[in-house]
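Structure file structure.cif; described as mmCIF, C-alpha atoms and all ligand atoms.
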data_input
#
loop_
_atom_site.label_atom_id
_atom_site.label_comp_id
_atom_site.auth_asym_id
_atom_site.auth_seq_id
_atom_site.Cartn_x
_atom_site.Cartn_y
_atom_site.Cartn_z
CA MET A 1 41.68 65.82 133.80
CA ALA A 2 38.88 63.45 132.85
CA GLN A 3 35.66 64.97 131.51
CA GLU A 4 33.61 63.56 134.39
CA LYS A 5 35.89 65.20 136.94
CA LYS A 6 35.57 68.54 135.13
CA ASP A 7 31.76 68.24 135.14
CA ASN A 8 31.84 67.51 138.87
CA LYS A 9 34.00 70.56 139.45
CA THR A 10 31.60 72.76 137.47
CA GLU A 11 28.68 71.37 139.51
CA ALA A 12 30.58 71.90 142.76
CA LEU A 13 31.24 75.57 141.94
CA LEU A 14 27.57 76.09 140.99
CA ARG A 15 26.44 74.48 144.23
CA ILE A 16 28.66 76.83 146.24
CA LEU A 17 27.11 79.81 144.43
CA GLU A 18 23.59 78.47 144.94
CA GLU A 19 24.20 77.95 148.66
CA ALA A 20 25.25 81.60 148.79
CA GLY A 21 21.90 82.53 147.23
CA LYS A 22 23.13 83.06 143.65
CA ARG A 23 20.69 81.68 141.12
CA ASN A 24 22.01 79.14 138.62
CA THR A 25 21.82 80.97 135.30
CA ALA A 26 23.15 79.82 131.94
CA GLN A 27 25.83 82.49 132.15
CA ARG A 28 26.91 81.46 135.65
CA TYR A 29 27.03 77.85 134.50
CA GLU A 30 29.32 78.83 131.63
CA ILE A 31 31.58 80.88 133.93
CA CYS A 32 31.87 77.99 136.40
CA LYS A 33 32.57 75.60 133.53
CA ALA A 34 35.31 77.92 132.21
CA ILE A 35 36.90 78.03 135.68
CA ALA A 36 36.62 74.26 136.15
CA GLU A 37 38.12 73.48 132.76
CA TYR A 38 40.78 76.17 132.50
CA PRO A 39 44.20 74.56 132.59
CA GLY A 40 46.33 76.44 135.08
CA HIS A 41 45.79 79.85 136.63
CA PRO A 42 43.41 82.04 134.63
CA THR A 43 42.95 85.79 134.86
CA VAL A 44 39.44 87.27 134.59
CA ALA A 45 40.31 88.23 131.00
CA ASP A 46 41.19 84.59 130.19
CA LEU A 47 37.85 83.39 131.56
CA TYR A 48 36.00 86.23 129.83
CA ASP A 49 37.48 85.15 126.48
CA THR A 50 36.36 81.56 127.06
CA VAL A 51 32.82 82.48 128.16
CA ARG A 52 32.40 85.07 125.41
CA ALA A 53 32.70 82.33 122.81
CA ARG A 54 29.32 81.03 124.05
CA PHE A 55 27.81 84.33 125.26
CA PRO A 56 29.06 87.14 123.03
CA MET A 57 26.94 89.69 124.94
CA ILE A 58 28.32 88.88 128.39
CA SER A 59 30.26 91.67 130.11
CA GLN A 60 33.65 91.28 131.75
CA ALA A 61 32.06 92.72 134.92
CA THR A 62 29.65 89.75 135.10
CA VAL A 63 32.57 87.33 134.82
CA TYR A 64 34.52 89.32 137.42
CA ASN A 65 31.58 89.38 139.86
CA THR A 66 31.14 85.60 139.73
CA VAL A 67 34.88 85.01 140.06
CA ASP A 68 35.06 87.40 143.00
CA THR A 69 32.06 85.79 144.71
CA LEU A 70 33.69 82.36 144.35
CA ARG A 71 36.88 83.82 145.82
CA GLU A 72 34.97 85.28 148.78
CA LEU A 73 33.36 81.89 149.35
CA GLY A 74 36.79 80.22 149.29
CA ALA A 75 36.11 78.10 146.20
CA ILE A 76 39.08 79.64 144.38
CA THR A 77 41.98 81.78 145.58
CA ARG A 78 43.62 84.91 144.26
CA LEU A 79 47.23 84.49 143.29
CA GLU A 80 49.17 87.73 143.68
CA ILE A 81 52.25 87.43 141.51
CA ALA A 82 54.89 90.14 141.58
CA ASN A 83 55.14 92.16 138.34
CA HIS A 84 52.16 90.48 136.66
CA ASP A 85 49.75 93.08 135.27
CA HIS A 86 46.69 90.96 135.91
CA THR A 87 45.49 88.98 138.91
CA HIS A 88 45.53 85.24 138.43
CA TYR A 89 43.15 82.89 140.17
CA ASP A 90 43.98 79.45 141.41
CA THR A 91 41.20 76.91 141.06
CA ASP A 92 43.13 74.49 143.22
CA VAL A 93 42.58 75.43 146.86
CA HIS A 94 44.66 72.58 148.26
CA PRO A 95 47.80 74.24 149.62
CA HIS A 96 50.55 73.89 147.04
CA VAL A 97 53.59 75.63 145.61
CA ASN A 98 53.14 77.83 142.53
CA ILE A 99 56.40 78.03 140.62
CA VAL A 100 56.47 81.14 138.45
CA CYS A 101 58.81 81.81 135.54
CA ARG A 102 60.22 85.34 135.68
CA TYR A 103 60.48 85.51 131.90
CA CYS A 104 57.46 83.90 130.30
CA GLU A 105 55.20 84.14 133.40
CA ARG A 106 54.30 80.48 133.15
CA ILE A 107 52.96 79.05 136.42
CA GLN A 108 53.51 75.44 137.38
CA ASP A 109 52.07 73.69 140.44
CA LEU A 110 53.90 71.47 142.86
CA HIS A 111 51.92 69.45 145.37
CA THR A 112 53.89 68.37 148.39
CA ASP A 113 53.10 67.80 152.07
CA LEU A 114 56.12 69.97 152.87
CA VAL A 115 53.88 72.99 152.20
CA HIS A 116 51.85 72.21 155.33
CA THR A 117 54.98 71.69 157.39
CA LEU A 118 56.50 74.94 156.16
CA ILE A 119 53.34 77.02 156.65
CA ASP A 120 52.79 75.55 160.15
CA GLU A 121 56.33 76.35 161.13
CA ALA A 122 56.19 79.83 159.60
CA SER A 123 52.98 80.72 161.48
CA ARG A 124 54.25 79.22 164.72
CA THR A 125 57.60 80.98 164.76
CA SER A 126 56.46 84.31 163.31
CA GLY A 127 53.09 84.60 165.03
CA PHE A 128 51.64 85.60 161.65
CA ASP A 129 48.22 84.41 160.64
CA ILE A 130 48.98 82.59 157.37
CA ARG A 131 46.20 81.24 155.17
CA PRO A 132 47.46 77.86 153.94
CA GLU A 133 45.09 77.79 150.94
CA ALA A 134 47.00 80.73 149.48
CA GLY A 135 49.93 78.33 149.10
CA LEU A 136 53.42 79.46 148.28
CA ILE A 137 54.92 81.25 145.31
CA LEU A 138 58.46 80.55 144.16
CA TYR A 139 60.08 82.49 141.33
CA GLY A 140 62.60 81.12 138.90
CA ILE A 141 63.41 80.51 135.25
CA CYS A 142 61.52 77.69 133.52
CA PRO A 143 63.37 74.99 131.51
CA ASP A 144 62.27 76.51 128.16
CA CYS A 145 63.49 80.01 129.02
CA LYS A 146 66.68 78.60 130.50
CA LYS A 147 67.31 76.72 127.25
CA ASN A 148 66.57 79.82 125.14
CA SER A 149 68.88 82.02 127.18
CA THR A 150 71.80 79.61 126.95
CA GLU A 151 71.21 79.26 123.20
CA THR A 152 71.49 83.03 122.67
CA GLU A 153 74.56 83.27 124.88
CA GLU A 154 76.51 80.80 122.77
ZN ZN A 201 48.47 76.80 141.63
ZN ZN A 202 59.70 80.65 131.10
#

For the file at hand, write its structure as structure tokens.
Ligand SMILES: [Zn+2]
Ligand SMILES: [Zn+2]
Amino acid sequence: MAQEKKDNKTEALLRILEEAGKRNTAQRYEICKAIAEYPGHPTVADLYDTVRARFPMISQATVYNTVDTLRELGAITRLEIANHDHTHYDTDVHPHVNIVCRYCERIQDLHTDLVHTLIDEASRTSGFDIRPEAGLILYGICPDCKKNSTETEE
């Protein structure tokens, strides 16, 4: 991602917080920046580690509160992955498929219009209220783990 795009994303997150009445503080700026620049699907602990490099005195609760506020406001989504000890957050709220490796827990995104089609059809036929921004989660074995497991089998 280009630096300019990351800056815009940081600004966008701050604006959402400000509109919800949360003052723009240096700490909040740093938390939003960490979210905007984190590659992939961070946990609160991942973001805390990033922000702590700039603000050693910050508490994990402060990071959590900002993350949770952004989630409530729909700026990020919570990604509930089976068997993962910690909750991951997805900074990409466009409906997409999250492909999760069962072994190394790596998460890879797939963007496809089929997600909309599938979610529409699933809500229509089941009558369930499905939030498309939550996307889909598919589980599998990533190429690296697949390679490692065949190497040990031989
Ligand atoms: Zn994702
Ligand atoms: Zn893997």

Next on the checklist: 9 Å from ligand ZN 202 (chain A) is the threshold here; counting all atoms listed in the file, which polymer residues fall inside it? Answer as a PyMOL selection string.
Outcome noted: chain A and resi 100-107+140-146

Item to check | Residue contacts of Thr66 (chain A) (10 Å, only C-alpha atoms) excluding same-chain residues fewer than 6 positions away, as an MDAnalysis selection string | outcome: chainID A and resid 17 22 27:28 31:32 44 72

I need the chosen residues saved as a compact mmCIF listing (two decimals), keeping the file's coordinate frame, with C-alpha atoms.
# COMPACT_ATOMS: atom_id res chain seq x y z
CA LEU A 17 27.11 79.81 144.43
CA LYS A 22 23.13 83.06 143.65
CA GLN A 27 25.83 82.49 132.15
CA ARG A 28 26.91 81.46 135.65
CA ILE A 31 31.58 80.88 133.93
CA CYS A 32 31.87 77.99 136.40
CA VAL A 44 39.44 87.27 134.59
CA GLU A 72 34.97 85.28 148.78

Site check for ligand ZN 201 (chain A): residues at most 6 Å away, all atoms listed in the file, as a PDB file with C-alpha atoms, in the coordinates of the input:
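Dumped to pocket-v8.pdb:
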ATOM      1  CA  ASP A  90      43.980  79.450 141.410  1.00  0.00           C
ATOM      2  CA  ASN A  98      53.140  77.830 142.530  1.00  0.00           C
ATOM      3  CA  ASP A 109      52.070  73.690 140.440  1.00  0.00           C
TER       4      ASP A 109
END

May I have the residues within 12 Å of region 33-37 of chain A as an mmCIF file with C-alpha atoms, in the coordinates of the input, using all atoms listed in the file and disregarding those fewer than 2 positions away in the same chain?
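Saved the output as selection-v5.cif:
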data_model
loop_
_atom_site.group_PDB
_atom_site.id
_atom_site.type_symbol
_atom_site.label_atom_id
_atom_site.label_comp_id
_atom_site.auth_asym_id
_atom_site.auth_seq_id
_atom_site.Cartn_x
_atom_site.Cartn_y
_atom_site.Cartn_z
ATOM 1 C CA MET A 1 41.680 65.820 133.800
ATOM 2 C CA ALA A 2 38.880 63.450 132.850
ATOM 3 C CA GLN A 3 35.660 64.970 131.510
ATOM 4 C CA GLU A 4 33.610 63.560 134.390
ATOM 5 C CA LYS A 5 35.890 65.200 136.940
ATOM 6 C CA LYS A 6 35.570 68.540 135.130
ATOM 7 C CA ASP A 7 31.760 68.240 135.140
ATOM 8 C CA ASN A 8 31.840 67.510 138.870
ATOM 9 C CA LYS A 9 34.000 70.560 139.450
ATOM 10 C CA THR A 10 31.600 72.760 137.470
ATOM 11 C CA GLU A 11 28.680 71.370 139.510
ATOM 12 C CA ALA A 12 30.580 71.900 142.760
ATOM 13 C CA LEU A 13 31.240 75.570 141.940
ATOM 14 C CA LEU A 14 27.570 76.090 140.990
ATOM 15 C CA ALA A 26 23.150 79.820 131.940
ATOM 16 C CA GLN A 27 25.830 82.490 132.150
ATOM 17 C CA ARG A 28 26.910 81.460 135.650
ATOM 18 C CA TYR A 29 27.030 77.850 134.500
ATOM 19 C CA GLU A 30 29.320 78.830 131.630
ATOM 20 C CA ILE A 31 31.580 80.880 133.930
ATOM 21 C CA PRO A 39 44.200 74.560 132.590
ATOM 22 C CA GLY A 40 46.330 76.440 135.080
ATOM 23 C CA HIS A 41 45.790 79.850 136.630
ATOM 24 C CA PRO A 42 43.410 82.040 134.630
ATOM 25 C CA THR A 43 42.950 85.790 134.860
ATOM 26 C CA VAL A 44 39.440 87.270 134.590
ATOM 27 C CA ALA A 45 40.310 88.230 131.000
ATOM 28 C CA ASP A 46 41.190 84.590 130.190
ATOM 29 C CA LEU A 47 37.850 83.390 131.560
ATOM 30 C CA TYR A 48 36.000 86.230 129.830
ATOM 31 C CA ASP A 49 37.480 85.150 126.480
ATOM 32 C CA THR A 50 36.360 81.560 127.060
ATOM 33 C CA VAL A 51 32.820 82.480 128.160
ATOM 34 C CA ARG A 52 32.400 85.070 125.410
ATOM 35 C CA ALA A 53 32.700 82.330 122.810
ATOM 36 C CA ARG A 54 29.320 81.030 124.050
ATOM 37 C CA VAL A 63 32.570 87.330 134.820
ATOM 38 C CA TYR A 64 34.520 89.320 137.420
ATOM 39 C CA THR A 66 31.140 85.600 139.730
ATOM 40 C CA VAL A 67 34.880 85.010 140.060
ATOM 41 C CA LEU A 70 33.690 82.360 144.350
ATOM 42 C CA ARG A 71 36.880 83.820 145.820
ATOM 43 C CA ALA A 75 36.110 78.100 146.200
ATOM 44 C CA ILE A 76 39.080 79.640 144.380
ATOM 45 C CA THR A 77 41.980 81.780 145.580
ATOM 46 C CA HIS A 88 45.530 85.240 138.430
ATOM 47 C CA TYR A 89 43.150 82.890 140.170
ATOM 48 C CA ASP A 90 43.980 79.450 141.410
ATOM 49 C CA THR A 91 41.200 76.910 141.060
ATOM 50 C CA ASP A 92 43.130 74.490 143.220
#

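As for CA of Met57 (chain A) and CA of Leu73 (chain A), they are spaced 26.4 Å apart.
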